[in-house]
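Some notes on the structure that comes next.
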There are 2 protein chains.
Amino acid sequence: MAFVGASAGFGKWGHSLFANLVAGGYRGGVHLVNPRGGTIAGRPAVVRVADLPDGVDLAVVSVPAREVPALMPQLAARGIRSAVVVSSGFREAGEDDLEARLVAEARAAGVTVVGPNTMGILNPHAGVYCTGAHVRPLPGGVTLVSQSGNMGVQLLSFAAAQGLGIRAFCGTGNEAMATVEDFVEALEGDRETRVVVLYLEGVKDGRRFYDAVRRLGRVKPVVALKGGRTAAGQRAAASHTGALAADEAVFEAACRQAGVVLVTQPADLLDVPAALSALPLPRGNRVAIMTWGGGWGGVVSDLCAELGLEVPPLAPELVARLDRLLPPYWSRTNPVDLVGEPDLELPGRVLEELLAWDGVDAVIHLGMLGRRPYVLGLIDSVRRADPDIAAAFLATVDQASEAYERECLAQSLRLMERHGKPVIGVSLMPDGGGRTLHEVAGVPGRAVVFPTPERAAKVLAHLWGYQRFRSRGG
Amino acid sequence: MAFVGASAGFGKWGHSLFANLVAGGYRGGVHLVNPRGGTIAGRPAVVRVADLPDGVDLAVVSVPAREVPALMPQLAARGIRSAVVVSSGFREAGEDDLEARLVAEARAAGVTVVGPNTMGILNPHAGVYCTGAHVRPLPGGVTLVSQSGNMGVQLLSFAAAQGLGIRAFCGTGNEAMATVEDFVEALEGDRETRVVVLYLEGVKDGRRFYDAVRRLGRVKPVVALKGGRTAAGQRAAASHTGALAADEAVFEAACRQAGVVLVTQPADLLDVPAALSALPLPRGNRVAIMTWGGGWGGVVSDLCAELGLEVPPLAPELVARLDRLLPPYWSRTNPVDLVGEPDLELPGRVLEELLAWDGVDAVIHLGMLGRRPYVLGLIDSVRRADPDIAAAFLATVDQASEAYERECLAQSLRLMERHGKPVIGVSLMPDGGGRTLHEVAGVPGRAVVFPTPERAAKVLAHLWGYQRFRSRGG
């Protein structure tokens with residue numbers, strides 16, 4: 001990769017981008033171009049593109065806008081056919097002619113341009129972290145294409161915190177050449193991409209977008225948030241990228257017809273893909289809820305019902321089976337209240353009964369994780385308040401609580417695999433980490449645990465909506 | 001305080017409750033009652049209530065249910081007029097007669113009972129942390145009354161993580177004597193209570209509740225979540241506390257008429273009070289948005305518009321004033337995009353112009369906090385990738401970024417005070433902490449910053465709804 005406009009100046013794009021790439025562990029060659037030559041960050045800089053070595057695949061361009069068009073033939077002359085143009089000062093700043101000139105030069109030279117005015121790209125599978133924000137989500141199956149760079153890197157930073165693996169990211173910038181339609185077409189054939197996430201403000205060719213997203217939606221799930229759904233949002237979007245304000249109702253209807261999972265909040269753009277990439281789809285809308293305490297179960301029943309999910313009463317034969325596991329005064333209804341029983345194998349046994357029952361399609365497990373902060377709080381209090389309790393005993397409790405959380409995840413993974421139904425966990429207490437995807441050593445698969453029940457219920461409703469689309473034949 | 005049923009057994013209620021109180025720093029006397037006497041946690045235990053010293057104010061009872069009624073006259077004989085009965089095994093387990101006997105004994109003895117089957121109580125102002133979950137929110141002005149103990153302690157643990165100060169908490173349990181209606185009546189005169197939060201499943205005396213909550217709502221805001229809004233949720237709530245399923249529509253209408261801020265998600269029960277306890281109320285529904293990047297601003301404009309908030313275009317005279325502060329290519333619309341300008345005083349100046357404009361009633365400041373993780377990521381990359389940048393320089397950048405975040409908060413606090421309009425911040429990147437309330441040394445007041453824009457927009461809509469109620473004369 002070559003950085004055209006490389007700079008020694010801290011805080012400049014020409015410095016930040018290659019520093020990010022190098023620090024991110026990129027193993028390919030990194031070449032710097034700066035008209036003054038010399039050394040930048042301990043690396044030699046060549047003064048012209050013409051001085052670059054053979055074999056450069058991609059140029060990352062951050063020189064002033066007016067210098068960008070003339071670079072295109074220079075890149076082509078060195079065999080560089082792809083350029084990510086980070087430079088701003090084109091159409092978004094009213095410089096439409098300059099942008100047209102860039103496109104003309106790029107077309108003539110046979111160079112494909114991403115941008116200009118893009119926040120950069122990511123390919124964690126190849127160790128390519130090349131965005132203005134230095135966030136490094138792990139490699140994974142989710143590809144994010146964003147028509148807003150800042151929305152894009154924010155989502156990436158949340159993805160990193162949540163443990164959501166990324167296949168690729170592209171901030172499309174002004175879309176002078178490569179448009180969101182191109183990305184949607186290209187992702188259809190990308191095997192590494194399991195789920196596609198789109199942040200959209202407007203598409204240039206609605207027909208082509210619709211055809212491409214419909215084809216894409218047949219082979220993998222597409223989750224999209226459209227900015228500018230309201231007049232207020234459209235004013236903002238229009239001033240931002242200059243995209244045409246599409247007829248919102250038509251756009252939404254077309255997306256739904258194409259099976260796109262449409263969401264309205266930025267957080268949904270990560271929660272829904274986390275579940276889609278880790279869980280089987282529910283075959284219906286009936287959900288069983290496991291809870292530690294009746295109040296919580298009731299609140300989540302309401303949230304589910306308000307989202308179109310059914311929380312069915314338990315069949316008598318299932319109640320009879322659960323009677324053997326639970327204390328005599330258990331609730332005998334759905335949600336199943338585990339009523340604070342200290343039996344550490346109980347959640348797994350109840351979960352197995354619920355998943356085996358043909359009356360539900362999914363389980364929300366309230367308190368699947370998050371008991372540990374509570375146990376740690378108790379241990380800390382007892383250590384301070386009770387000299388009679390041995391430190392060694394408290395250490396054992398601590399270890400047992402850690403093992404319990406791990407075993408809860410492991411049981412959930414094994415039972416999901418066996419029964420082919422999704423289980424979504426909700427954390428009992430905040431642990432500060434914010435992870436939504438959890439792995440357990442030695443057990444295949446990933447468990448999905450949200451910090452709040454509303455996120456779990458909403459995601460399950462979206463999974464069901466997507467499955468309904470698929471079961472109709474797409 | 002006396003713990004009747006005190007135990008040396010780790011994990012038992014009779015151990016956990018006093019350990020929590022002692023570790024929480026309670027400065028009053030702590031007395032233990034256990035029929036075997038001896039020493040528990042290094043403290044002497046008396047064998048009978050009759051052996052307790054004079055001056056005990058409150059008994060926390062965790063003996064088996066069948067032993068509780070007979071305790072009431074014993075407590076009265078020692079002058080103890082209040083009991084928090086944590087023991088379960090009463091009405092919630094089908095033991096209605098036992099609960100009736102408890103009430104009869106308590107009435108006869110003149111003892112007021114909270115519970116039975118309560119998760120405990122909190123009064124952080126008096127250092128009383130006496131719940132099964134060892135979470136210790138700071139003292140503050142929010143009082144939480146919860147008809148579900150587990151919902152209550154979960155909310156407390158989130159409150160602690162978010163920095164929301166608590167005046168008092170009570171899990172009302174079975175409400176055999178003290179009911180939610182009593183608490184609502186009592187809170188009207190409690191000066192320390194600035195905001196009341198209710199988690200409800202059902203009220204016994206709807207007329208009394210309505211009258212009390214209407215009186216309460218005239219003097220301080222009340223935020224409530226009702227579990228059992230749907231048939232599914234009512235089934236769960238009914239099995240849990242045995243409360244009568246009220247007519248939901250009537251209940252909601254009555255609450256709205258009384259000015260209660262009704263919410264549907266548990267997280268709202270903390271977000272709305274955080275804002276109510278720290279911000280002035282908006283006098284209308286017009287909001288200005290400050291953003292770092294157009295995409296984010298557009299998404300938040302949509303969220304605001306969909307919640308009934310107006311995002312008005314900027315008046316020409318305001319545009320002219322902002323022209324003097326912002327670069328020539330700025331958006332000239334609302335949201336105001338600060339377009340990544342490095343001027344550290346810019347956000348404060350723009351905020352001041354927006355607040356001074358009589359065309360808006362509130363400001364949402366996207367990126368008020370959360371730049372620091374980004375700066376730290378950049379510093380970390382540069383440290384690894386560029387040997388030419390001096391460590392001392394990077395340390396300076398680090399300090400400057402910390403100072404910048406502090407100054408952003410301080411400016412916001414000063415300007416809110418000056419203009420009497422609320423400013424709600426949204427964090428640019430997750431910092432893992434989860435705090436929503438922030439203080440700055442030397443500046444009065446607290447700033448409210450949410451980690452996601454949907455929470456900010458939703459809270460602002462609730463503030464406006466509450467102000468609309470108040471401006472109609474309550």
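Note on naming: chains are A, B, ... as they come in the structure tokens, residues start from 1 per chain, ligands start from 1 in the order shown.
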With a distance threshold of 6 Å and counting only C-alpha atoms, extract the residues of chain B near chain A and express them as a ChimeraX atom specification.
/B:19-20,22-23,41,93,134,148,150-151,227,230,232-233,236-237,239-240,293-296,298-299,301-302,311,329,331,377-378,381-382,384-388,432-433
Show which residues sit within 12 Å of region 84-86 of chain B, as JSON, numbers by chain. Count only C-alpha atoms, and ignore same-chain residues fewer than 4 positions away.
{"B": [1, 2, 3, 4, 5, 6, 12, 13, 14, 16, 17, 57, 58, 59, 60, 61, 62, 63, 64, 65, 67, 68, 69, 71, 72, 75, 80, 90, 99, 102, 103, 106, 111, 112, 113, 114, 115, 116, 117, 118, 119, 120, 121, 122, 130, 131, 132, 149, 170, 171, 172, 173, 174, 175, 176, 177, 178]}
Would you please extract all helix (DSSP H, G or I) residues from region 69-249 of chain A, as assigned by DSSP on the backbone, and give them as JSON, numbers by chain?
{"A": [69, 70, 71, 72, 73, 74, 75, 76, 77, 91, 92, 93, 96, 97, 98, 99, 100, 101, 102, 103, 104, 105, 106, 107, 108, 109, 124, 125, 126, 149, 150, 151, 152, 153, 154, 155, 156, 157, 158, 159, 160, 161, 162, 180, 181, 182, 183, 184, 185, 186, 187, 206, 207, 208, 209, 210, 211, 212, 213, 214, 215, 216, 217, 218, 219, 231, 232, 233, 234, 235, 236, 237, 238, 239, 240, 241, 248, 249]}
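Shortest separation to Leu138 (chain A) among A:Thr291, A:Gly445, A:Val47, A:Leu437 occurs at residue A:Leu437, atoms counted being only C-alpha atoms.
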Pairwise distance for CA of Ala108 (chain A) and CA of Val128 (chain A), rounded to one decimal in Å
28.1 Å
Could you work out how far CA of Leu187 (chain A) lies from CA of Leu270 (chain A), giving the answer in Å with one decimal?
18.1 Å
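Atom to atom, CA of Gln74 (chain B) and CA of Val30 (chain B) stand 18.1 Å apart.
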From a backbone DSSP assignment, name each residue in region 214-311 of chain B labelled strand (DSSP E or B), as a compact mmCIF listing (two decimals) with N, CA and C atoms, in the first residue's frame.
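And here's selection09.txt as it stands now:
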```
# COMPACT_ATOMS: atom_id res chain seq x y z
N VAL B 222 -42.67 12.47 38.70
CA VAL B 222 -42.83 11.04 38.96
C VAL B 222 -42.65 10.31 37.63
N VAL B 223 -41.76 9.33 37.62
CA VAL B 223 -41.51 8.53 36.42
C VAL B 223 -41.91 7.10 36.76
N ALA B 224 -42.70 6.48 35.90
CA ALA B 224 -43.20 5.14 36.23
C ALA B 224 -43.15 4.19 35.06
N LEU B 225 -42.86 2.95 35.36
CA LEU B 225 -43.00 1.86 34.40
C LEU B 225 -43.99 0.87 34.99
N LYS B 226 -44.98 0.53 34.18
CA LYS B 226 -46.00 -0.41 34.63
C LYS B 226 -45.73 -1.76 33.98
N VAL B 261 -44.70 10.59 34.20
CA VAL B 261 -43.96 10.28 32.97
C VAL B 261 -43.94 8.77 32.83
N LEU B 262 -44.74 8.24 31.91
CA LEU B 262 -44.84 6.78 31.73
C LEU B 262 -43.80 6.31 30.73
N VAL B 263 -43.02 5.33 31.11
CA VAL B 263 -42.01 4.78 30.20
C VAL B 263 -42.26 3.29 30.04
N ARG B 286 -38.43 22.48 20.43
CA ARG B 286 -37.50 22.76 19.34
C ARG B 286 -36.06 22.49 19.79
N VAL B 287 -35.37 21.64 19.04
CA VAL B 287 -34.04 21.23 19.47
C VAL B 287 -33.00 21.56 18.39
N ALA B 288 -31.88 22.08 18.85
CA ALA B 288 -30.73 22.24 17.96
C ALA B 288 -29.76 21.09 18.23
N ILE B 289 -29.14 20.61 17.17
CA ILE B 289 -28.21 19.49 17.29
C ILE B 289 -26.82 19.95 16.86
N MET B 290 -25.84 19.71 17.71
CA MET B 290 -24.45 19.93 17.33
C MET B 290 -23.83 18.56 17.07
N THR B 291 -23.06 18.43 16.02
CA THR B 291 -22.53 17.12 15.66
C THR B 291 -21.11 17.20 15.13
N GLU B 310 -39.04 18.99 17.33
CA GLU B 310 -38.83 19.73 16.09
C GLU B 310 -37.34 20.08 15.97
```
Among listed residues A:Glu417, A:Glu405, A:Glu345, A:Asp247, nearest His438 (chain A) (using only C-alpha atoms):
A:Glu405
